[in-house]
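Here's the structure we're looking at; comments come further down.
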Amino acid sequence: MNSLREDLNALAEQAPAVDLAAQAVRGARRRRATRLTVAIAAATCLIAGGGTVLFQQLRPEAPVVLTPPETTVSPLPSEGVGPIEQAYRPECRTTACTKRAWRLVTRDGATYELTAAPQTGPLAVTADGRRLAYYNSKQRTIVVRDLASGKTWKSPLKQPAEDFSVSNEHALRLSPNGLRFIVSSWGGRREPNKLVDVERGTVSDLPRGWWPVSVSDGSGPVVLAKPYDNSSQVWVLDHDPITIPDFTYDYSALAPDGRTLARLGQTFDANREPMVQQDGSIVVFDAVQGGRETRIPISGIPEELHPSGLGSWLNATEVTVVAVPESSRGPTSMVYAVNVKTGKTRELFALRNYGTTLVPGLVH
């Protein structure tokens, strides 16, 4: 097994992405109560617990709340920044810190603060960690930034801040190079669902009600999904949608072959609550033609952790998976690579559970 440092370097070119807190909140809104999975419940517990530990004193006095010490980090430099491993927004328990900026942790261990992105707007990082996209409220648009060179691209789509208000759900799905993306919002007055190419300066409307799964560079495939009560449809644009027998949002990005997707497996039991739960497997299927599926049990993840989301493909057989504990007292959330042919996993890196956490490339 590779050392953790070697695994981080292997992930450098195609890091996965995860926002545990946002995934839990958005998932809770999208799914009916009976459709919530154990993994989403776990993420919700992480939000509730954050990095705070409560110690009950022996005397009958009010408990003492200990929070992680406040640290000061440098603003994100205009250039010369290495690939991002993960990002987090520090936990906030008072109104005085509601506008805390995202903190970006690079694979070489440096931490920077992104003051340009408001709390309510979307933030995304390409799977390789080298480019960042966020909503700039002053310019009223999505900005894509290359971290090494400092070069930026502005989306030709102007959007009011209300598209990303705290009462809305929103998604920002990037292509591998970050220059093509889908930006979507639900729950507000406008509910945009747009495919944007910042290099070509084009904006295309996508059908309402379809959730973004994957976007390829250039003119490559775009994948959307729509869940129903007991099934879902997956649509690779320019092909017919296919139907899968699960109500789910837990997809991977599109595989290098341009047609294969993976999703987390589910089990249904009307006598349990929630009735739909993840069964610890990964399901691989053809998103273009549908048909036969391959279901493989995931192995090598501690029983205290549960798969919560899938991300980008590291190669033709491995896809990234995030595993989270059921409670805030559980072990640290981890990112793994899982082999879709054998189900075997290898550990990549641990997540920083300081409030909201985001990992590049996760489909959430």
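For the structure tokens, the naming scheme is as follows: chains receive sequential letters (A, B, ...) according to their order of presentation, residues are indexed from 1 within each chain, and ligands are indexed from 1 in presentation order.
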Surrounding residues of Lys154 of chain A excluding itself and chain neighbours under 5 positions, 7 Å, only C-alpha atoms, as an mmCIF file with N, CA and C atoms, in the first residue's frame:
data_model
loop_
_atom_site.group_PDB
_atom_site.id
_atom_site.type_symbol
_atom_site.label_atom_id
_atom_site.label_comp_id
_atom_site.auth_asym_id
_atom_site.auth_seq_id
_atom_site.Cartn_x
_atom_site.Cartn_y
_atom_site.Cartn_z
ATOM 1 N N THR A 141 -21.063 37.541 -11.206
ATOM 2 C CA THR A 141 -20.804 36.432 -12.118
ATOM 3 C C THR A 141 -19.869 35.425 -11.470
ATOM 4 N N ILE A 142 -19.755 34.247 -12.099
ATOM 5 C CA ILE A 142 -18.812 33.222 -11.664
ATOM 6 C C ILE A 142 -17.436 33.548 -12.246
ATOM 7 N N VAL A 143 -16.407 33.462 -11.401
ATOM 8 C CA VAL A 143 -15.032 33.699 -11.816
ATOM 9 C C VAL A 143 -14.249 32.400 -11.685
ATOM 10 N N VAL A 144 -13.520 32.047 -12.717
ATOM 11 C CA VAL A 144 -12.629 30.881 -12.692
ATOM 12 C C VAL A 144 -11.198 31.386 -12.607
ATOM 13 N N VAL A 198 -16.610 29.454 -20.524
ATOM 14 C CA VAL A 198 -15.984 30.771 -20.349
ATOM 15 C C VAL A 198 -14.945 31.056 -21.419
#
Contacts of Trp235 of chain A within 7 Å, only C-alpha atoms, excl. fewer than 4 positions in-chain, as a list in words: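 The neighbour list is Val223, Leu224, Ala225, Asp240, Pro241 and Ile242 of chain A.
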Include N, CA and C atoms and write out the residues we just selected as a short mmCIF file (atom, residue, chain, number, x, y, z; two decimals), in the first residue's frame.
data_model
loop_
_atom_site.label_atom_id
_atom_site.label_comp_id
_atom_site.auth_asym_id
_atom_site.auth_seq_id
_atom_site.Cartn_x
_atom_site.Cartn_y
_atom_site.Cartn_z
N VAL A 223 -23.74 15.33 -18.38
CA VAL A 223 -24.61 14.34 -17.77
C VAL A 223 -25.51 15.02 -16.74
N LEU A 224 -26.82 14.75 -16.85
CA LEU A 224 -27.81 15.27 -15.92
C LEU A 224 -28.58 14.09 -15.31
N ALA A 225 -29.25 14.35 -14.19
CA ALA A 225 -30.05 13.30 -13.54
C ALA A 225 -31.32 13.91 -12.98
N ASP A 240 -30.59 9.36 -25.51
CA ASP A 240 -31.83 9.22 -24.77
C ASP A 240 -31.55 8.98 -23.29
N PRO A 241 -32.39 9.52 -22.40
CA PRO A 241 -32.22 9.24 -20.97
C PRO A 241 -32.43 7.75 -20.69
N ILE A 242 -31.73 7.25 -19.67
CA ILE A 242 -31.93 5.88 -19.21
C ILE A 242 -32.52 5.91 -17.81
#
Nearest-residue call for Pro122 of chain A, choices A:Arg89, A:Glu79, A:Ala171, A:Trp102, using only C-alpha atoms: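 Among A:Arg89, A:Glu79, A:Ala171, A:Trp102, it is A:Ala171 that comes nearest to Pro122 of chain A.
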From A:Ser185, A:Ala133, A:Ala116, A:Leu157, residue lying nearest Glu169 of chain A [only C-alpha atoms]: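 Ranking A:Ser185, A:Ala133, A:Ala116, A:Leu157 by distance to Glu169 of chain A, first place goes to A:Ser185.
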Lys194 of chain A environment, 7 Å, only C-alpha atoms, sequence neighbours closer than 5 positions dropped, as a PyMOL selection string: chain A and resi 182-184+203-206
Hey, can you spit out that residue selection with all heavy atoms as a compact mmCIF listing (two decimals), in the first residue's frame?
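Printed below is out02.txt as written:
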# COMPACT_ATOMS: atom_id res chain seq x y z
N ILE A 182 -21.64 23.86 -15.21
CA ILE A 182 -23.08 24.04 -15.04
C ILE A 182 -23.30 24.77 -13.73
O ILE A 182 -22.73 24.38 -12.69
CB ILE A 182 -23.83 22.71 -15.02
CG1 ILE A 182 -23.72 21.99 -16.36
CG2 ILE A 182 -25.32 22.92 -14.68
CD1 ILE A 182 -24.35 20.62 -16.39
N VAL A 183 -24.11 25.81 -13.75
CA VAL A 183 -24.50 26.50 -12.53
C VAL A 183 -26.02 26.41 -12.44
O VAL A 183 -26.74 26.74 -13.39
CB VAL A 183 -24.01 27.97 -12.51
CG1 VAL A 183 -24.52 28.76 -13.70
CG2 VAL A 183 -24.39 28.64 -11.20
N SER A 184 -26.50 25.91 -11.30
CA SER A 184 -27.93 25.67 -11.11
C SER A 184 -28.37 26.21 -9.76
O SER A 184 -27.57 26.28 -8.82
CB SER A 184 -28.25 24.17 -11.17
OG SER A 184 -27.76 23.59 -12.36
N VAL A 203 -23.42 30.62 -23.35
CA VAL A 203 -24.32 30.19 -22.28
C VAL A 203 -25.48 29.44 -22.93
O VAL A 203 -26.11 29.95 -23.87
CB VAL A 203 -24.87 31.37 -21.47
CG1 VAL A 203 -25.83 30.89 -20.39
CG2 VAL A 203 -23.73 32.17 -20.85
N SER A 204 -25.77 28.23 -22.45
CA SER A 204 -26.88 27.43 -22.99
C SER A 204 -27.84 27.09 -21.87
O SER A 204 -27.42 26.79 -20.74
CB SER A 204 -26.36 26.14 -23.63
OG SER A 204 -25.40 26.42 -24.63
N ASP A 205 -29.13 27.12 -22.18
CA ASP A 205 -30.14 26.72 -21.20
C ASP A 205 -30.23 25.21 -21.13
O ASP A 205 -30.24 24.52 -22.17
CB ASP A 205 -31.51 27.29 -21.58
CG ASP A 205 -31.59 28.79 -21.38
OD1 ASP A 205 -31.10 29.27 -20.35
OD2 ASP A 205 -32.13 29.48 -22.27
N LEU A 206 -30.33 24.68 -19.90
CA LEU A 206 -30.57 23.26 -19.69
C LEU A 206 -31.99 23.08 -19.18
O LEU A 206 -32.57 23.99 -18.56
CB LEU A 206 -29.57 22.71 -18.67
CG LEU A 206 -28.10 22.75 -19.10
CD1 LEU A 206 -27.21 22.28 -17.96
CD2 LEU A 206 -27.87 21.88 -20.34
Asp217 of chain A environment, 10 Å, only C-alpha atoms, sequence neighbours closer than 5 positions dropped, as a count of residues only: 10
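The space between atom CA of Thr115 of chain A and atom CA of Ala101 of chain A spans 5.4 Å.
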Length of the atom CA of Glu191 of chain A to atom CA of Asn136 of chain A vector [Å]: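 According to the coordinates, atom CA of Glu191 of chain A and atom CA of Asn136 of chain A are separated by 18.4 Å.
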Strand (DSSP E) residues, from DSSP on the backbone, in segment 109-287 of chain A, as a ChimeraX atom specification: /A:111-114,123-125,131-136,141-146,152-154,169-174,180-186,193-197,202-205,211-215,222-227,232-236,242-244,260-268,276-286
